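Enquirer: Following this message is one structure expressed as structure tokens.
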Amino acid sequence: MIWRLLIFIWIAATMVVALLVAPLVPVLRETTRVLYFHIPSAWVTVLALGWSMVNSVLYLLRRDLRNDDHAASAAELGLVFCVVATVTGSIWAKSMWGSWWNWDPRETSIFFVLLIYAAYLALRGSIEGDEKRARLSAIYSILAFVAVPPLIFVVPRIYSTLHPDPIINGSGKIDMDPMIRWCFFSMLLGFTFLFSWLQSLRVRVFRLERRLAS
Amino acid sequence: MPDARWSSVATVWAILRKECRSEWRTRYGLNAAVLFAVTSLTAVTFASGRMPDRPDLLSALLWITLLFAALSSMSHAFVREMESRTLLMLRLVASPTQIAVGKLLFNLLFLCVVEAITVPLFLVLTSAPPLRLPQFLTILGLGTLSLAASSTLVGAVIAQTRSRGALFAGVSLPLLLPVLASGVSGTRAQWDGMPIAADARLLAAYAVALFGVSLLLYDHLWED
Amino acid sequence: MTDAPAVRVGGSKLSHRYGRRTTGVRELEFEFTAPGTVAVTGPNGSGKSTLLRILAGLLRPSAGSSSVHVGGREHPPAARREVLGLAAPELSFYEEFTATENLVFAAEARGLEAPARAAAAALDGVGLAGRAADRVASYSSGMKQRLRLAFALLHEPPILLLDEPGSHLDESGREAVRGVVARHAARGLVLLATNDPEEIRLAGRQMELRGHGLGDPS
């Protein structure tokens, strides 16, 4: 109970400061505000993906369904945060560069992560039996892990040489004003806590569902 | 133990021969795959027409056609085993890894046959510029390795689900996007007269990584 | 096949359930040694087939463990197919191949020295020599059942797991099964999952799986 309240206050306070008090970055102007939500969301997406994959490996090694709970729940939450990151990124792109989607390397990467999440969850949805679902989705998750480094680092680079549009990556080199930096990292932390709290809730629901079924 | 390794090779070889003979006897897999490949190829080339001076578009269209041909033909390898309920027999005579590697080699052969028909047809129908054959084949071959490795493991997973075919393409796609990107880039490079080394290296590394990780995962495929 | 002095099959706290459905495989504790025959009995759905699959290393049990020892060496589930033969109703063969081709393939995959001879011998042993060159698609259910037996015996394993071996068989077929079991039980171990009283009579020991509760070897 106390955690819920703390997280709420933390994020609310950060949001107020970020939206009202913090200064704007010269190049980005008003759109600066987005980076408090967009980048933390993207960060949580990646964090969730990593956590899900680690738990997939642990499940195959230990066959403890709790690991599978964590993997599945992290994937669900990761998907949500990924959608948030993609949409906020798209809105940002529209206001900065005038178009909703550019196949800019970072946009491409986050979209690929979205595909992986969607595939993983679709796969889970089509398998019956707790152990079988856990095992097969763990296999896919680990296989997807092989694809992630090329998808995040290599493919976007290839893409931009295939479609050579000069696009300035807006979040690349911003010299952060201290207040902005404070808000930003505070939001990063806040989102991380939010994820871990939601994760713990979801995992408990999984466990209760299983207990109810048996 | 050298003995065990050798007998593994013998087992894989036996499975590969069985697959080939089985496919040859029934042939519906190959027929369907070739038919689908030619159909999609025709649709693509008819819609786009002759492109003697557009290597960028040509590479993209070629790899998309290959991707679809692979996705449509590869899902059946394990599904057939499940449907005919012969997987139990296989599991009693060979280890999961031996079964999977045997199937992988078969899928590789299968893809090569499909490509041998599809690729020349594509080049003719689009009036593609002349190839630098060694480079072209290198990129094609390395990409095919990844296609086969991915399809084998994903196919084995999907065969145990309820939705089967519908899922196979969607689940495979994230794993195959790197192949698509490097394949298109490399194919275009060989037409532009540029070096293919970077793309070839990526494709090779990816295939090795996929296969290496698969070897660790095959043993977990079947436990019921 | 050499004598197998230390052929044992055992289970410790062995349990399995399918989702929320429990089976008769519940906290089973047992150990059977060769030679001889054990009948595994119980009502339908009590888990006889499940138990055989667990012992064969095909199914990972929900809890507990099983063990197979041959020649003093323990065989982990992944390696048990080398020392045991399983004939179960779900076992299907490649319909587009002949019986001989199916068994030759199995023999080659198993790494047997003379695949063709082993296949011919196995088919002969179950009375299918005359139909060996016919495609399995043309087989009756009785012939397919004999083929399953031949498949299980192909590599002359010390342990035989037979799930309802007499099903689909006429009297001569069942006679053949009795002969196979008798020959095998002289030196090795046979586990027979069945409810057929004639087959149960072939066994020296019996383990009953009940719908709920423990199964006691008796």
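Chain identifiers are assigned as A, B, and so on, following the order in which chains appear in the structure tokens; residues are numbered from 1 within each chain, and ligands are numbered from 1 in order of appearance.
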Specify as a ChimeraX atom specification all residues of chain B found within 10 Å of chain A, counting only C-alpha atoms.
Expert: /B:56,150,153-154,156-158,160-164,167-182,184-185,188,199,202,206,209-214,216-218,220-224
Enquirer: Please produce an output containing C-alpha atoms for each residue in the selection, written as a compact mmCIF listing (two decimals), in the first residue's frame.
Expert:
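Okay, selection_15.txt is ready:
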```txt
# COMPACT_ATOMS: atom_id res chain seq x y z
CA ASP B 56 17.34 -1.45 -55.42
CA SER B 150 14.83 -20.37 -38.24
CA LEU B 153 12.96 -24.53 -34.94
CA VAL B 154 9.96 -22.24 -35.27
CA ALA B 156 8.76 -27.48 -34.55
CA VAL B 157 7.36 -25.08 -31.96
CA ILE B 158 4.37 -24.04 -34.05
CA GLN B 160 2.55 -28.05 -31.20
CA THR B 161 0.18 -25.09 -31.07
CA ARG B 162 -3.41 -24.77 -32.05
CA SER B 163 -3.18 -22.19 -34.80
CA ARG B 164 -0.29 -23.61 -36.83
CA LEU B 167 1.07 -18.14 -36.60
CA PHE B 168 4.11 -19.41 -38.43
CA ALA B 169 4.66 -16.34 -40.61
CA GLY B 170 4.05 -13.83 -37.84
CA VAL B 171 6.29 -15.61 -35.36
CA SER B 172 9.07 -16.14 -37.90
CA LEU B 173 9.13 -12.60 -39.22
CA PRO B 174 11.08 -10.85 -36.44
CA LEU B 175 13.70 -13.56 -36.70
CA LEU B 176 13.97 -13.16 -40.45
CA LEU B 177 14.08 -9.39 -40.73
CA PRO B 178 17.86 -9.30 -40.34
CA VAL B 179 18.12 -11.76 -43.21
CA LEU B 180 15.84 -9.62 -45.30
CA ALA B 181 17.82 -6.46 -44.60
CA SER B 182 21.25 -7.94 -45.23
CA VAL B 184 18.53 -7.00 -49.90
CA SER B 185 21.57 -4.89 -49.14
CA ARG B 188 21.84 -4.72 -54.39
CA ASP B 199 26.53 -8.10 -45.66
CA LEU B 202 26.44 -10.42 -41.15
CA TYR B 206 23.51 -14.59 -38.00
CA ALA B 209 24.19 -17.69 -34.12
CA LEU B 210 20.73 -19.00 -34.98
CA PHE B 211 22.00 -22.52 -35.50
CA GLY B 212 24.19 -22.44 -32.40
CA VAL B 213 21.35 -21.33 -30.14
CA SER B 214 19.01 -23.80 -31.80
CA LEU B 216 20.89 -25.71 -27.26
CA LEU B 217 17.14 -25.53 -27.58
CA TYR B 218 16.24 -28.63 -29.59
CA HIS B 220 13.51 -28.95 -24.96
CA LEU B 221 11.14 -29.24 -27.86
CA TRP B 222 9.26 -32.41 -26.98
CA GLU B 223 8.46 -33.50 -23.48
CA ASP B 224 4.99 -34.97 -23.76
```
Enquirer: Give me, as a PyMOL selection string, the residues of chain C touching chain B, with the criterion being at most 8 Å (counting only C-alpha atoms).
Expert: chain C and resi 58-60+78+81-82+86+90-94+96-97+105-111
Enquirer: At a cut-off of 12 Å, using only C-alpha atoms, what residues contact Arg187 in chain C? Leave out same-chain residues fewer than 2 positions from it and give the result as a list in words.
Expert: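 Neighbouring residues, sequence-local ones excluded: Met1, Thr2, Asp3, Ala4, Pro5, Ala6, Val7, Thr33, Ala34, Pro35, Gly36, Thr37, Glu156, Pro157, Pro158, Ile159, Leu160, Val180, Val181, Ala182, Arg183, His184, Ala185, Leu189 and Val190 of chain C.
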Enquirer: Could you take the residues named above and write them with N, CA and C atoms, as a short mmCIF file (atom, residue, chain, number, x, y, z; two decimals), in the first residue's frame?
Expert:
```cif
data_model
loop_
_atom_site.label_atom_id
_atom_site.label_comp_id
_atom_site.auth_asym_id
_atom_site.auth_seq_id
_atom_site.Cartn_x
_atom_site.Cartn_y
_atom_site.Cartn_z
N MET C 1 21.84 -60.83 -27.58
CA MET C 1 21.73 -59.99 -26.40
C MET C 1 22.36 -60.72 -25.22
N THR C 2 23.23 -60.05 -24.54
CA THR C 2 23.89 -60.67 -23.38
C THR C 2 22.98 -60.66 -22.18
N ASP C 3 23.35 -61.41 -21.18
CA ASP C 3 22.57 -61.39 -19.95
C ASP C 3 22.58 -60.00 -19.35
N ALA C 4 21.47 -59.60 -18.80
CA ALA C 4 21.41 -58.27 -18.20
C ALA C 4 21.16 -58.44 -16.71
N PRO C 5 22.22 -58.62 -15.95
CA PRO C 5 22.04 -58.93 -14.52
C PRO C 5 21.41 -57.79 -13.74
N ALA C 6 21.72 -56.57 -14.13
CA ALA C 6 21.20 -55.47 -13.33
C ALA C 6 20.26 -54.63 -14.18
N VAL C 7 19.10 -55.18 -14.43
CA VAL C 7 18.09 -54.42 -15.15
C VAL C 7 17.00 -54.06 -14.17
N THR C 33 12.75 -55.55 -11.05
CA THR C 33 13.99 -56.02 -11.65
C THR C 33 13.72 -57.16 -12.60
N ALA C 34 14.64 -57.29 -13.57
CA ALA C 34 14.54 -58.40 -14.50
C ALA C 34 15.04 -59.66 -13.80
N PRO C 35 14.67 -60.86 -14.28
CA PRO C 35 13.74 -61.09 -15.38
C PRO C 35 12.29 -61.10 -14.90
N GLY C 36 11.38 -61.10 -15.86
CA GLY C 36 9.98 -61.23 -15.46
C GLY C 36 9.08 -60.25 -16.17
N THR C 37 7.81 -60.37 -15.84
CA THR C 37 6.80 -59.52 -16.44
C THR C 37 5.99 -58.86 -15.34
N GLU C 156 16.28 -55.46 -29.99
CA GLU C 156 16.44 -56.45 -28.91
C GLU C 156 16.77 -55.79 -27.57
N PRO C 157 15.89 -54.96 -27.09
CA PRO C 157 16.18 -54.23 -25.85
C PRO C 157 15.97 -55.09 -24.61
N PRO C 158 16.68 -54.79 -23.54
CA PRO C 158 16.47 -55.54 -22.31
C PRO C 158 15.11 -55.25 -21.64
N ILE C 159 14.53 -54.10 -21.96
CA ILE C 159 13.26 -53.75 -21.32
C ILE C 159 12.21 -53.53 -22.40
N LEU C 160 11.05 -54.10 -22.18
CA LEU C 160 9.97 -53.98 -23.15
C LEU C 160 8.78 -53.31 -22.47
N VAL C 180 6.05 -63.68 -27.57
CA VAL C 180 7.04 -62.60 -27.46
C VAL C 180 7.31 -62.28 -25.99
N VAL C 181 6.25 -62.13 -25.24
CA VAL C 181 6.39 -61.77 -23.83
C VAL C 181 7.15 -62.87 -23.08
N ALA C 182 6.77 -64.11 -23.35
CA ALA C 182 7.42 -65.22 -22.63
C ALA C 182 8.91 -65.26 -22.94
N ARG C 183 9.24 -65.13 -24.24
CA ARG C 183 10.66 -65.19 -24.61
C ARG C 183 11.42 -64.06 -23.96
N HIS C 184 10.80 -62.88 -24.02
CA HIS C 184 11.51 -61.72 -23.51
C HIS C 184 11.67 -61.75 -22.01
N ALA C 185 10.62 -62.19 -21.33
CA ALA C 185 10.66 -62.16 -19.87
C ALA C 185 11.63 -63.17 -19.30
N LEU C 189 13.07 -57.58 -18.87
CA LEU C 189 11.93 -57.10 -18.10
C LEU C 189 10.84 -56.64 -19.06
N VAL C 190 9.61 -57.06 -18.77
CA VAL C 190 8.49 -56.64 -19.59
C VAL C 190 7.48 -55.93 -18.71
#
```
Enquirer: Based on only C-alpha atoms, which of the residues in chain A come within 8 Å of chain C? I want them as a list of chain:residue names.
Expert: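 Applying the cut-off to the listed atoms yields A:Gly129, A:Asp130, A:Ala213, A:Ser214.
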Enquirer: Which polymer residues have any atom within 10 Å of an atom of Val205 in chain A, counting only C-alpha atoms, with same-chain residues fewer than 5 positions away left out, as a PDB file with N, CA and C atoms, in the first residue's frame?
Expert:
```pdb
ATOM      1  N   ASP A  69       5.905 -17.134 -15.109  1.00  0.00           N
ATOM      2  CA  ASP A  69       5.030 -16.010 -14.757  1.00  0.00           C
ATOM      3  C   ASP A  69       5.741 -14.696 -15.013  1.00  0.00           C
ATOM      4  N   SER A  73       4.561 -11.996 -17.809  1.00  0.00           N
ATOM      5  CA  SER A  73       4.092 -10.705 -17.340  1.00  0.00           C
ATOM      6  C   SER A  73       4.991  -9.576 -17.838  1.00  0.00           C
ATOM      7  N   GLN A 199       4.557  -5.411 -12.458  1.00  0.00           N
ATOM      8  CA  GLN A 199       5.035  -6.770 -12.680  1.00  0.00           C
ATOM      9  C   GLN A 199       4.670  -7.659 -11.496  1.00  0.00           C
ATOM     10  N   SER A 200       4.909  -7.159 -10.299  1.00  0.00           N
ATOM     11  CA  SER A 200       4.626  -7.992  -9.124  1.00  0.00           C
ATOM     12  C   SER A 200       3.138  -8.288  -9.022  1.00  0.00           C
ATOM     13  N   ARG A 210      -3.517 -19.971 -11.309  1.00  0.00           N
ATOM     14  CA  ARG A 210      -3.103 -21.373 -11.323  1.00  0.00           C
ATOM     15  C   ARG A 210      -3.636 -22.108 -10.123  1.00  0.00           C
ATOM     16  N   ARG A 211      -3.587 -21.445  -8.986  1.00  0.00           N
ATOM     17  CA  ARG A 211      -4.064 -22.101  -7.783  1.00  0.00           C
ATOM     18  C   ARG A 211      -5.564 -22.346  -7.873  1.00  0.00           C
TER      19      ARG A 211
END
```
Enquirer: At a cut-off of 12 Å, using only C-alpha atoms, what residues contact Ile54 in chain C? Leave out same-chain residues fewer than 6 positions from it and give the result as number ranges by chain.
Expert: B: 223-224; C: 9-11, 14-17, 25, 47-48, 60-68, 76-78, 80-81, 86, 161
Enquirer: Need the shell around Arg66 in chain A: protein/DNA/RNA residues with any atom at most 9 Å away, counting only C-alpha atoms. Skip same-chain ones fewer than 2 positions apart. Format as a PDB file with C-alpha atoms, in the first residue's frame?
Expert:
```pdb
ATOM      1  CA  ASN A  55      13.371 -15.679 -16.983  1.00  0.00           C
ATOM      2  CA  TYR A  59      12.553 -21.595 -16.702  1.00  0.00           C
ATOM      3  CA  ARG A  63      11.311 -25.701 -14.672  1.00  0.00           C
ATOM      4  CA  ASP A  64       9.835 -23.411 -12.074  1.00  0.00           C
ATOM      5  CA  ASP A  68       7.406 -18.358 -16.608  1.00  0.00           C
ATOM      6  CA  ASP A  69       5.030 -16.010 -14.757  1.00  0.00           C
ATOM      7  CA  HIS A  70       7.720 -13.389 -14.740  1.00  0.00           C
ATOM      8  CA  ALA A  71       8.567 -13.893 -18.387  1.00  0.00           C
ATOM      9  CA  VAL A 203       2.771 -12.271 -11.419  1.00  0.00           C
ATOM     10  CA  PHE A 206      -0.910 -15.588 -12.632  1.00  0.00           C
ATOM     11  CA  ARG A 207      -0.154 -17.541  -9.517  1.00  0.00           C
TER      12      ARG A 207
END
```
Enquirer: With a distance cut-off of 8 Å and only C-alpha atoms, select the neighbouring residues of Ala85 in chain A, excluding the residue or stretch itself and same-chain residues fewer than 3 positions from it, and output the selection as a PyMOL selection string.
Expert: chain A and resi 37-39+41-42+81-82+88-89+110
Enquirer: Give me every helix (DSSP H, G or I) residue in range 69-217 of chain B, going by DSSP on the backbone, as a VMD selection string.
Expert: chain B and resid 69 to 74 76 to 83 87 to 93 96 to 125 133 to 158 165 to 192 197 to 217
Enquirer: What is the CA of Pro195 in chain B to CA of Pro55 in chain B distance in Å?
Expert: 14.7 Å
Enquirer: Separation of CA of Ala150 in chain C and CA of Ala122 in chain C, in Å?
Expert: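 So the two atoms, CA of Ala150 in chain C and CA of Ala122 in chain C, lie 4.9 Å apart.
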